[in-house]
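*Asks:* File name work_38.txt; file contents compact mmCIF, C-alpha atoms and all ligand atoms; full text below.
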```txt
# COMPACT_ATOMS: atom_id res chain seq x y z
CA MET A 1 32.19 108.22 36.25
CA ASN A 2 34.33 106.56 33.62
CA ALA A 3 38.08 106.76 34.04
CA PRO A 4 39.92 108.99 31.55
CA PHE A 5 42.68 107.46 29.43
CA SER A 6 45.29 109.24 31.57
CA HIS A 7 44.34 107.08 34.57
CA TYR A 8 44.98 103.87 32.65
CA GLN A 9 48.28 105.30 31.48
CA GLU A 10 49.32 106.31 35.01
CA SER A 11 48.53 102.83 36.35
CA ALA A 12 50.47 101.23 33.50
CA ASP A 13 53.44 103.58 33.92
CA TYR A 14 53.66 102.73 37.62
CA ILE A 15 53.59 98.98 36.93
CA SER A 16 56.17 99.25 34.14
CA SER A 17 58.43 101.35 36.36
CA ARG A 18 58.39 98.59 38.98
CA LEU A 19 59.20 95.83 36.47
CA GLY A 20 62.61 97.15 35.46
CA GLY A 21 62.32 96.27 31.77
CA PHE A 22 60.46 92.99 32.29
CA LEU A 23 57.59 92.82 29.77
CA PRO A 24 54.66 90.55 30.63
CA ARG A 25 52.87 89.14 27.60
CA VAL A 26 50.07 87.10 29.16
CA ALA A 27 47.70 88.65 31.69
CA MET A 28 45.83 86.29 33.99
CA VAL A 29 42.91 86.78 36.34
CA LEU A 30 42.59 84.10 39.00
CA GLY A 31 39.11 83.23 40.20
CA SER A 32 37.73 81.88 43.48
CA GLY A 33 39.99 79.31 45.08
CA LEU A 34 42.54 79.55 42.25
CA GLY A 35 44.65 82.37 43.67
CA PHE A 36 47.36 79.92 44.75
CA LEU A 37 48.58 79.89 41.13
CA GLY A 38 50.00 83.34 41.74
CA ASP A 39 52.35 81.79 44.30
CA LEU A 40 53.91 79.59 41.58
CA VAL A 41 55.21 82.58 39.63
CA GLU A 42 59.00 82.52 39.38
CA LYS A 43 61.14 85.61 39.96
CA PRO A 44 58.01 87.42 41.14
CA VAL A 45 57.56 91.16 41.43
CA VAL A 46 54.56 91.57 43.73
CA LEU A 47 52.52 94.77 43.56
CA PRO A 48 49.63 95.12 46.04
CA TYR A 49 46.63 96.69 44.30
CA GLY A 50 46.70 99.43 46.94
CA ASP A 51 50.13 100.58 45.65
CA ILE A 52 49.03 100.90 42.02
CA PRO A 53 47.49 104.29 41.20
CA HIS A 54 43.72 104.06 40.54
CA PHE A 55 43.49 100.33 41.32
CA LYS A 56 40.59 99.17 43.49
CA ALA A 57 40.88 96.75 46.41
CA SER A 58 39.40 93.26 46.11
CA THR A 59 37.03 92.46 48.99
CA ALA A 60 35.80 88.97 48.07
CA PRO A 61 36.95 86.11 50.34
CA GLY A 62 39.90 84.20 48.93
CA HIS A 63 40.97 87.04 46.63
CA ALA A 64 44.39 88.30 47.73
CA GLY A 65 44.45 91.62 45.88
CA ARG A 66 47.87 91.81 44.31
CA LEU A 67 49.47 91.78 40.90
CA VAL A 68 52.26 89.22 40.55
CA CYS A 69 54.58 89.57 37.56
CA GLY A 70 57.20 87.01 36.59
CA LEU A 71 57.50 83.70 34.78
CA LEU A 72 54.86 80.98 34.77
CA GLY A 73 54.93 78.00 32.44
CA GLY A 74 57.94 79.70 30.87
CA GLN A 75 55.87 82.74 29.88
CA PRO A 76 56.24 86.32 31.06
CA VAL A 77 52.97 86.83 32.92
CA ALA A 78 51.11 89.45 34.96
CA VAL A 79 48.83 87.57 37.33
CA MET A 80 45.94 89.25 39.08
CA GLN A 81 45.79 87.33 42.32
CA GLY A 82 42.27 88.25 43.24
CA ARG A 83 39.70 89.92 41.01
CA ILE A 84 37.10 92.51 41.82
CA HIS A 85 33.45 91.83 41.10
CA HIS A 86 30.41 93.94 40.27
CA TYR A 87 28.63 92.57 43.36
CA GLU A 88 31.27 94.16 45.59
CA GLY A 89 29.82 97.51 44.55
CA TYR A 90 32.14 98.33 41.66
CA SER A 91 30.96 99.36 38.20
CA LEU A 92 31.64 96.98 35.32
CA GLN A 93 34.22 99.45 34.09
CA GLU A 94 36.02 99.37 37.42
CA VAL A 95 35.85 95.58 37.37
CA SER A 96 37.68 95.42 34.07
CA TYR A 97 39.95 98.46 34.60
CA ALA A 98 43.06 96.32 35.10
CA VAL A 99 42.59 94.51 31.79
CA ARG A 100 43.12 97.76 29.90
CA VAL A 101 46.06 98.65 32.11
CA LEU A 102 47.72 95.30 31.41
CA LYS A 103 47.14 95.80 27.72
CA LEU A 104 49.06 99.10 28.00
CA VAL A 105 51.79 97.33 29.98
CA GLY A 106 52.24 95.03 26.98
CA CYS A 107 49.97 92.00 27.45
CA SER A 108 48.38 90.79 24.21
CA GLN A 109 46.74 87.69 25.69
CA LEU A 110 44.47 87.21 28.67
CA ILE A 111 43.59 84.10 30.64
CA LEU A 112 40.40 84.37 32.69
CA THR A 113 39.63 81.70 35.27
CA ASN A 114 36.58 81.36 37.46
CA ALA A 115 34.42 79.04 39.47
CA ALA A 116 30.83 78.70 38.24
CA GLY A 117 27.68 76.68 38.68
CA CYS A 118 27.16 73.81 36.26
CA ILE A 119 23.91 74.22 34.31
CA ASN A 120 24.50 71.30 31.96
CA ARG A 121 22.84 68.26 33.52
CA ASP A 122 25.12 65.83 31.68
CA TRP A 123 28.19 67.18 33.47
CA SER A 124 29.34 67.10 37.10
CA SER A 125 30.84 69.47 39.62
CA GLY A 126 34.62 69.32 39.77
CA GLU A 127 34.93 69.24 35.96
CA ILE A 128 36.66 71.97 33.97
CA MET A 129 34.95 73.84 31.13
CA LEU A 130 36.59 75.73 28.30
CA ILE A 131 34.49 78.83 27.61
CA THR A 132 33.57 78.99 23.92
CA ASP A 133 31.16 81.92 24.21
CA HIS A 134 29.11 83.81 26.75
CA ILE A 135 25.65 85.22 27.39
CA LYS A 136 25.26 88.52 29.18
CA PHE A 137 21.73 89.82 29.32
CA PHE A 138 21.92 92.20 32.22
CA LEU A 139 21.98 95.95 31.95
CA ASP A 140 25.20 97.88 31.68
CA SER A 141 28.44 97.15 29.88
CA PRO A 142 32.04 97.78 30.82
CA LEU A 143 32.16 99.82 27.60
CA ARG A 144 29.19 102.06 28.44
CA GLY A 145 29.94 105.79 28.35
CA GLU A 146 32.48 107.66 26.30
CA ASN A 147 34.48 105.34 24.05
CA LEU A 148 38.25 105.50 24.48
CA PRO A 149 39.52 105.00 20.92
CA GLN A 150 43.02 104.33 22.29
CA PHE A 151 41.64 100.91 23.21
CA GLY A 152 39.06 100.12 20.53
CA THR A 153 36.00 101.05 18.52
CA ARG A 154 32.56 102.21 19.69
CA PHE A 155 30.74 99.07 18.56
CA PRO A 156 33.21 96.21 18.91
CA ASP A 157 32.51 92.81 17.37
CA MET A 158 31.87 89.99 19.87
CA THR A 159 31.94 87.07 17.43
CA ARG A 160 35.22 85.71 18.75
CA VAL A 161 35.58 86.92 22.31
CA TYR A 162 37.27 83.63 23.24
CA SER A 163 40.17 83.14 20.84
CA PRO A 164 39.73 80.08 18.58
CA ALA A 165 43.52 79.64 18.59
CA LEU A 166 43.69 79.64 22.39
CA GLN A 167 40.73 77.25 22.54
CA ARG A 168 42.78 74.87 20.40
CA VAL A 169 45.69 75.27 22.80
CA ALA A 170 43.44 74.35 25.73
CA ARG A 171 41.94 71.32 23.98
CA GLN A 172 45.34 70.05 22.99
CA SER A 173 46.77 70.64 26.47
CA ALA A 174 43.91 68.71 28.08
CA GLN A 175 44.35 65.88 25.60
CA GLU A 176 48.10 65.62 26.29
CA LEU A 177 47.44 65.50 30.02
CA GLY A 178 44.61 63.00 29.65
CA LEU A 179 42.24 65.44 31.38
CA PRO A 180 38.59 65.59 30.39
CA LEU A 181 37.68 69.11 29.26
CA ARG A 182 34.10 70.27 28.76
CA GLN A 183 33.33 73.10 26.34
CA GLY A 184 30.43 75.44 26.61
CA VAL A 185 28.70 78.76 27.11
CA TYR A 186 29.13 80.81 30.29
CA CYS A 187 26.13 82.85 31.35
CA TYR A 188 26.84 85.99 33.38
CA PHE A 189 24.72 86.71 36.45
CA PRO A 190 25.60 89.76 38.53
CA GLY A 191 25.13 88.17 41.97
CA PRO A 192 25.95 88.20 44.84
CA GLN A 193 22.87 86.02 45.34
CA PHE A 194 23.03 82.68 43.59
CA GLU A 195 20.46 82.19 40.83
CA THR A 196 16.99 80.82 41.38
CA PRO A 197 16.14 77.41 39.91
CA ALA A 198 13.85 79.22 37.42
CA GLU A 199 16.71 81.47 36.29
CA ILE A 200 18.88 78.42 35.75
CA ARG A 201 16.16 76.65 33.74
CA ALA A 202 15.79 79.81 31.63
CA ALA A 203 19.54 80.02 31.05
CA ARG A 204 19.67 76.33 30.06
CA ALA A 205 16.82 76.81 27.58
CA LEU A 206 18.80 79.68 26.07
CA GLY A 207 21.92 77.59 25.59
CA ALA A 208 24.03 78.20 28.68
CA ASP A 209 26.17 75.50 30.29
CA ALA A 210 27.54 77.41 33.29
CA ALA A 211 26.43 80.32 35.49
CA GLY A 212 28.85 82.71 37.13
CA MET A 213 29.36 86.21 38.50
CA SER A 214 32.60 87.24 36.82
CA THR A 215 34.77 86.95 33.69
CA VAL A 216 32.36 88.45 31.14
CA PRO A 217 33.11 92.13 31.90
CA GLU A 218 36.84 91.46 31.57
CA ALA A 219 36.32 89.39 28.40
CA ILE A 220 34.28 92.14 26.72
CA THR A 221 36.89 94.74 27.65
CA ALA A 222 39.67 92.54 26.30
CA ALA A 223 37.81 91.92 23.03
CA HIS A 224 37.30 95.67 22.65
CA ALA A 225 41.03 96.20 23.11
CA GLY A 226 41.96 93.47 20.64
CA MET A 227 43.37 91.03 23.19
CA GLU A 228 43.11 87.26 22.74
CA THR A 229 41.22 85.65 25.61
CA LEU A 230 41.23 82.13 27.01
CA GLY A 231 38.47 81.38 29.52
CA LEU A 232 38.58 78.38 31.86
CA THR A 233 35.84 77.57 34.32
CA LEU A 234 35.91 75.25 37.27
CA LEU A 235 32.40 73.85 37.62
CA SER A 236 32.38 74.14 41.39
CA ASN A 237 28.78 73.09 42.03
CA MET A 238 25.66 72.02 40.20
CA ALA A 239 23.62 75.18 39.53
CA ALA A 240 20.50 75.99 41.54
CA GLY A 241 17.61 73.54 41.37
CA ILE A 242 19.53 70.63 39.84
CA LEU A 243 20.29 68.83 43.08
CA ASP A 244 17.94 68.76 46.02
CA GLN A 245 20.25 70.88 48.19
CA PRO A 246 21.04 74.55 48.78
CA LEU A 247 24.09 76.26 47.24
CA SER A 248 26.85 77.83 49.31
CA GLY A 249 30.10 79.70 48.98
CA GLU A 250 31.70 76.97 51.10
CA GLU A 251 30.85 74.32 48.50
CA VAL A 252 32.40 76.51 45.78
CA ASN A 253 35.65 76.87 47.74
CA ALA A 254 35.77 73.20 48.76
CA THR A 255 35.48 72.04 45.13
CA ALA A 256 38.04 74.60 44.01
CA GLU A 257 40.40 73.29 46.66
CA LYS A 258 39.92 69.67 45.52
CA SER A 259 40.43 70.53 41.85
CA ARG A 260 43.37 72.88 42.21
CA GLU A 261 45.94 70.29 41.13
CA THR A 262 44.15 69.42 37.88
CA PHE A 263 43.27 73.01 37.13
CA SER A 264 46.81 74.25 37.61
CA GLN A 265 48.26 71.41 35.50
CA LEU A 266 45.99 72.40 32.63
CA LEU A 267 46.72 76.08 33.00
CA LEU A 268 50.50 75.59 33.09
CA ARG A 269 50.38 73.37 30.01
CA CYS A 270 48.33 75.98 28.17
CA LEU A 271 50.83 78.68 29.13
CA GLU A 272 53.73 76.59 27.83
CA LYS A 273 52.00 76.38 24.46
CA MET A 274 50.95 80.03 24.18
N1 LIG B 301 26.21 80.61 40.28
C1 LIG B 301 26.88 81.77 40.08
N2 LIG B 301 28.16 81.92 40.36
C2 LIG B 301 28.82 80.88 40.88
C3 LIG B 301 28.19 79.65 41.12
C4 LIG B 301 26.81 79.50 40.81
O1 LIG B 301 26.19 78.45 40.99
N3 LIG B 301 29.15 78.82 41.64
C5 LIG B 301 30.29 79.53 41.70
N4 LIG B 301 30.11 80.78 41.24
```
Give the structure from this file in structure tokens form.

*Replies:*
Amino acid sequence: MNAPFSHYQESADYISSRLGGFLPRVAMVLGSGLGFLGDLVEKPVVLPYGDIPHFKASTAPGHAGRLVCGLLGGQPVAVMQGRIHHYEGYSLQEVSYAVRVLKLVGCSQLILTNAAGCINRDWSSGEIMLITDHIKFFLDSPLRGENLPQFGTRFPDMTRVYSPALQRVARQSAQELGLPLRQGVYCYFPGPQFETPAEIRAARALGADAAGMSTVPEAITAAHAGMETLGLTLLSNMAAGILDQPLSGEEVNATAEKSRETFSQLLLRCLEKM
């Protein structure tokens, strides 16, 4: 069952009431192994998801499950420390519920981060990719069901899901920091199983550079609601079938851990410029 508009409004009213006039402008969703960024927020107001009406709990390992509002990179932010995924048993609409709520709270921009498998054979794990576009072939959409015109139109355009202006910000930030930044297409797979080598070959043939189990539902919902999105991917492992070794959640977390310094530097520089 899709949530009525009143639920979004109730969630947003609760958050606003706890912020005492503070207005976040940039919403952020922190992916696997990147949750520590929420701990860098200054003057934080921390709201556990369980306290926010209609919010769902995050069950994935390494996802704390709280909203942290405050200043990061000099910007008023609302950071989702821990995201919820479709593979946890939630609908795509539940997965992206918070994006709409944060739009109502006042956020006009959204930063989505994730860890994903690297499909592009010319790149390596540990590198960071700026998402320029995505592929989502699987059934269902976070926008399926009754359209809520308070957020957007029935058939929203997806030509510029990832804001060209924010892509420029990311490229410039990486350049200033002397960090290599890959750019490419993120292909959504629902998980929780990793892809087969044949699925990865198919995705590569279709133009994908990375494979992951998140981000796209939130990005579609944000585009529908007219928010500007920046997507940054940590390529945490080579995708299935590229190396002669099995994939594991441990490898994903170990790479995220190793890359956290670089990733957070880039993210903070982007925030300063937004
Ligand atoms: N595939 C899908 N999702 C992922 C991967 C992967 O290889 N690595 C991290 N998240």

*Asks:* Please compute the atom CA of Ala211 of chain A-atom CA of Ala3 of chain A distance, one decimal, in Å.

*Replies:*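 Separation between atom CA of Ala211 of chain A and atom CA of Ala3 of chain A: 28.9 Å.
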
*Asks:* Grab the atom CA of Ile242 of chain A to atom CA of Asn114 of chain A distance for me, in Å with one decimal place.

*Replies:* 20.3 Å

*Asks:* Let me see if you get this right: every residue at most 9 Å from ligand LIG 301 (chain B), counting all atoms listed in the file, written as an MDAnalysis selection string.

*Replies:* chainID A and resid 32 114:119 187:195 200 210:214 234:240 247:249 251:253

*Asks:* Using only C-alpha atoms, please write the residues we just selected to a file, as a PDB file, in the frame of the given file.

*Replies:*
```pdb
ATOM      1  CA  SER A  32      37.730  81.880  43.480  1.00  0.00           C
ATOM      2  CA  ASN A 114      36.580  81.360  37.460  1.00  0.00           C
ATOM      3  CA  ALA A 115      34.420  79.040  39.470  1.00  0.00           C
ATOM      4  CA  ALA A 116      30.830  78.700  38.240  1.00  0.00           C
ATOM      5  CA  GLY A 117      27.680  76.680  38.680  1.00  0.00           C
ATOM      6  CA  CYS A 118      27.160  73.810  36.260  1.00  0.00           C
ATOM      7  CA  ILE A 119      23.910  74.220  34.310  1.00  0.00           C
ATOM      8  CA  CYS A 187      26.130  82.850  31.350  1.00  0.00           C
ATOM      9  CA  TYR A 188      26.840  85.990  33.380  1.00  0.00           C
ATOM     10  CA  PHE A 189      24.720  86.710  36.450  1.00  0.00           C
ATOM     11  CA  PRO A 190      25.600  89.760  38.530  1.00  0.00           C
ATOM     12  CA  GLY A 191      25.130  88.170  41.970  1.00  0.00           C
ATOM     13  CA  PRO A 192      25.950  88.200  44.840  1.00  0.00           C
ATOM     14  CA  GLN A 193      22.870  86.020  45.340  1.00  0.00           C
ATOM     15  CA  PHE A 194      23.030  82.680  43.590  1.00  0.00           C
ATOM     16  CA  GLU A 195      20.460  82.190  40.830  1.00  0.00           C
ATOM     17  CA  ILE A 200      18.880  78.420  35.750  1.00  0.00           C
ATOM     18  CA  ALA A 210      27.540  77.410  33.290  1.00  0.00           C
ATOM     19  CA  ALA A 211      26.430  80.320  35.490  1.00  0.00           C
ATOM     20  CA  GLY A 212      28.850  82.710  37.130  1.00  0.00           C
ATOM     21  CA  MET A 213      29.360  86.210  38.500  1.00  0.00           C
ATOM     22  CA  SER A 214      32.600  87.240  36.820  1.00  0.00           C
ATOM     23  CA  LEU A 234      35.910  75.250  37.270  1.00  0.00           C
ATOM     24  CA  LEU A 235      32.400  73.850  37.620  1.00  0.00           C
ATOM     25  CA  SER A 236      32.380  74.140  41.390  1.00  0.00           C
ATOM     26  CA  ASN A 237      28.780  73.090  42.030  1.00  0.00           C
ATOM     27  CA  MET A 238      25.660  72.020  40.200  1.00  0.00           C
ATOM     28  CA  ALA A 239      23.620  75.180  39.530  1.00  0.00           C
ATOM     29  CA  ALA A 240      20.500  75.990  41.540  1.00  0.00           C
ATOM     30  CA  LEU A 247      24.090  76.260  47.240  1.00  0.00           C
ATOM     31  CA  SER A 248      26.850  77.830  49.310  1.00  0.00           C
ATOM     32  CA  GLY A 249      30.100  79.700  48.980  1.00  0.00           C
ATOM     33  CA  GLU A 251      30.850  74.320  48.500  1.00  0.00           C
ATOM     34  CA  VAL A 252      32.400  76.510  45.780  1.00  0.00           C
ATOM     35  CA  ASN A 253      35.650  76.870  47.740  1.00  0.00           C
TER      36      ASN A 253
END
```

*Asks:* Quick one: distance from atom CA of Val45 of chain A to atom CA of Val77 of chain A in Å, one decimal?

*Replies:*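 The value is 10.6 Å.
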
*Asks:* Find the axis-aligned box for segment 73-90 of chain A, covering all its listed atoms and adding 6 Å on each side, and write its centre and edge lengths in Å to one decimal as lines of an AutoDock Vina configuration file.

*Replies:*
```
center_x = 43.3
center_y = 88.2
center_z = 37.7
size_x = 41.3
size_y = 32.3
size_z = 27.7
```

*Asks:* Env of Glu261 of chain A: 12 Å cut, atoms = all atoms listed in the file, seq-sep filter 6 positions within chain, self excluded. Answer as a PyMOL selection string.

*Replies:* chain A and resi 33-34+36-37+126+128+179+234+255+267-268

*Asks:* Which one is closest to Gly65 of chain A: A:Gln265, A:Thr159, A:Thr221, A:Gln81? Count all atoms listed in the file.

*Replies:* A:Gln81

*Asks:* Residues near Leu130 of chain A, anyone? I mean within 7 Å using all atoms listed in the file, not counting same-chain ones fewer than 4 positions away, as a list in words.

*Replies:* Leu181, Arg182, Gln183, Gly184, Gly231, Leu232 and Thr233 of chain A

*Asks:* I'd like to know which of A:Val79, A:Leu67, A:Val41, A:Ile52 is closest to Gln109 of chain A, using all atoms listed in the file.

*Replies:*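 Distance minimum relative to Gln109 of chain A lands on A:Val79.
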
*Asks:* At most 10 Å is the cut-off: for each residue in segment 49-112 of chain A with any atom that close to an atom of segment 141-146 of chain A, write down the nearest atom pair and the distance in Å rounded to one decimal, counting all atoms listed in the file, chain first then increasing number, as JSON lines.

*Replies:*
```
{"residue": "A:Ser91", "atom": "CA", "partner": "A:Pro142", "partner_atom": "CA", "distance": 7.6}
{"residue": "A:Leu92", "atom": "CA", "partner": "A:Pro142", "partner_atom": "CA", "distance": 4.6}
{"residue": "A:Gln93", "atom": "CA", "partner": "A:Pro142", "partner_atom": "CA", "distance": 4.3}
{"residue": "A:Glu94", "atom": "CA", "partner": "A:Pro142", "partner_atom": "CA", "distance": 7.9}
{"residue": "A:Val95", "atom": "CA", "partner": "A:Pro142", "partner_atom": "CA", "distance": 7.9}
{"residue": "A:Ser96", "atom": "CA", "partner": "A:Pro142", "partner_atom": "CA", "distance": 6.9}
{"residue": "A:Tyr97", "atom": "CA", "partner": "A:Pro142", "partner_atom": "CA", "distance": 8.8}
```

*Asks:* Point out the residue among A:Ala12, A:Leu166, A:Met274, A:Ala254 with the least atom-to-atom distance to Val26 of chain A, counting all atoms listed in the file.

*Replies:*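 Closest residue, counting all atoms listed in the file: A:Met274.
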
*Asks:* Between A:Thr113, A:Asn147, A:Asn2, A:Asn120, single out the one closest to Asp209 of chain A, counting all atoms listed in the file.

*Replies:*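 Ranked by minimum distance to Asp209 of chain A, first place goes to A:Asn120.
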
*Asks:* In terms of the shortest atom-to-atom distance over only C-alpha atoms, which of A:Gly89, A:Pro53, A:Pro48, A:Pro149 is closest to Ser11 of chain A?

*Replies:*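 Counting only C-alpha atoms, the residue closest to Ser11 of chain A is A:Pro53.
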
*Asks:* Looking at only C-alpha atoms, which of A:Val101, A:Arg66, A:Met1, A:Gly38 is the one that sits closest to Tyr14 of chain A?

*Replies:*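 Smallest distance to Tyr14 of chain A is found for A:Val101.
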
*Asks:* Considering all atoms listed in the file, return as JSON, numbers by chain whatever protein or nucleic-acid residues lie within 12 Å of Ser16 of chain A, sequence-local ones (same chain, fewer than 5 positions apart) excluded.

*Replies:* {"A": [9, 10, 11, 21, 22, 23, 24, 45, 47, 52, 69, 78, 101, 102, 103, 104, 105, 106, 107]}

*Asks:* Please supply segment 240-264 of chain A, rebuilt with N, CA and C atoms, as an mmCIF file, in the coordinates of the input.

*Replies:*
```cif
data_model
loop_
_atom_site.group_PDB
_atom_site.id
_atom_site.type_symbol
_atom_site.label_atom_id
_atom_site.label_comp_id
_atom_site.auth_asym_id
_atom_site.auth_seq_id
_atom_site.Cartn_x
_atom_site.Cartn_y
_atom_site.Cartn_z
ATOM 1 N N ALA A 240 21.687 76.047 40.678
ATOM 2 C CA ALA A 240 20.500 75.990 41.540
ATOM 3 C C ALA A 240 19.396 75.117 40.934
ATOM 4 N N GLY A 241 18.774 74.317 41.776
ATOM 5 C CA GLY A 241 17.610 73.540 41.370
ATOM 6 C C GLY A 241 17.924 72.196 40.747
ATOM 7 N N ILE A 242 19.206 71.913 40.478
ATOM 8 C CA ILE A 242 19.530 70.630 39.840
ATOM 9 C C ILE A 242 19.573 69.520 40.893
ATOM 10 N N LEU A 243 20.248 69.805 41.987
ATOM 11 C CA LEU A 243 20.290 68.830 43.080
ATOM 12 C C LEU A 243 19.332 69.310 44.166
ATOM 13 N N ASP A 244 18.891 68.387 44.972
ATOM 14 C CA ASP A 244 17.940 68.760 46.020
ATOM 15 C C ASP A 244 18.712 69.258 47.245
ATOM 16 N N GLN A 245 19.473 70.333 47.063
ATOM 17 C CA GLN A 245 20.250 70.880 48.190
ATOM 18 C C GLN A 245 20.572 72.340 47.922
ATOM 19 N N PRO A 246 20.724 73.139 48.981
ATOM 20 C CA PRO A 246 21.040 74.550 48.780
ATOM 21 C C PRO A 246 22.483 74.754 48.306
ATOM 22 N N LEU A 247 22.733 75.924 47.689
ATOM 23 C CA LEU A 247 24.090 76.260 47.240
ATOM 24 C C LEU A 247 24.796 77.084 48.308
ATOM 25 N N SER A 248 26.125 77.003 48.337
ATOM 26 C CA SER A 248 26.850 77.830 49.310
ATOM 27 C C SER A 248 28.242 78.174 48.793
ATOM 28 N N GLY A 249 28.736 79.295 49.311
ATOM 29 C CA GLY A 249 30.100 79.700 48.980
ATOM 30 C C GLY A 249 31.113 78.668 49.471
ATOM 31 N N GLU A 250 30.773 77.982 50.550
ATOM 32 C CA GLU A 250 31.700 76.970 51.100
ATOM 33 C C GLU A 250 31.869 75.824 50.116
ATOM 34 N N GLU A 251 30.755 75.420 49.477
ATOM 35 C CA GLU A 251 30.850 74.320 48.500
ATOM 36 C C GLU A 251 31.754 74.740 47.340
ATOM 37 N N VAL A 252 31.588 75.994 46.884
ATOM 38 C CA VAL A 252 32.400 76.510 45.780
ATOM 39 C C VAL A 252 33.892 76.397 46.136
ATOM 40 N N ASN A 253 34.232 76.874 47.341
ATOM 41 C CA ASN A 253 35.650 76.870 47.740
ATOM 42 C C ASN A 253 36.170 75.457 47.968
ATOM 43 N N ALA A 254 35.323 74.573 48.508
ATOM 44 C CA ALA A 254 35.770 73.200 48.760
ATOM 45 C C ALA A 254 36.073 72.488 47.443
ATOM 46 N N THR A 255 35.228 72.682 46.425
ATOM 47 C CA THR A 255 35.480 72.040 45.130
ATOM 48 C C THR A 255 36.726 72.633 44.482
ATOM 49 N N ALA A 256 36.861 73.948 44.592
ATOM 50 C CA ALA A 256 38.040 74.600 44.010
ATOM 51 C C ALA A 256 39.311 74.025 44.643
ATOM 52 N N GLU A 257 39.252 73.834 45.936
ATOM 53 C CA GLU A 257 40.400 73.290 46.660
ATOM 54 C C GLU A 257 40.742 71.885 46.154
ATOM 55 N N LYS A 258 39.710 71.062 45.964
ATOM 56 C CA LYS A 258 39.920 69.670 45.520
ATOM 57 C C LYS A 258 40.459 69.612 44.096
ATOM 58 N N SER A 259 40.079 70.588 43.272
ATOM 59 C CA SER A 259 40.430 70.530 41.850
ATOM 60 C C SER A 259 41.662 71.336 41.516
ATOM 61 N N ARG A 260 42.303 71.919 42.521
ATOM 62 C CA ARG A 260 43.370 72.880 42.210
ATOM 63 C C ARG A 260 44.532 72.234 41.462
ATOM 64 N N GLU A 261 44.827 70.963 41.786
ATOM 65 C CA GLU A 261 45.940 70.290 41.130
ATOM 66 C C GLU A 261 45.686 70.145 39.624
ATOM 67 N N THR A 262 44.516 69.620 39.285
ATOM 68 C CA THR A 262 44.150 69.420 37.880
ATOM 69 C C THR A 262 44.082 70.757 37.141
ATOM 70 N N PHE A 263 43.445 71.714 37.782
ATOM 71 C CA PHE A 263 43.270 73.010 37.130
ATOM 72 C C PHE A 263 44.624 73.654 36.844
ATOM 73 N N SER A 264 45.526 73.584 37.828
ATOM 74 C CA SER A 264 46.810 74.250 37.610
ATOM 75 C C SER A 264 47.649 73.508 36.573
#
```
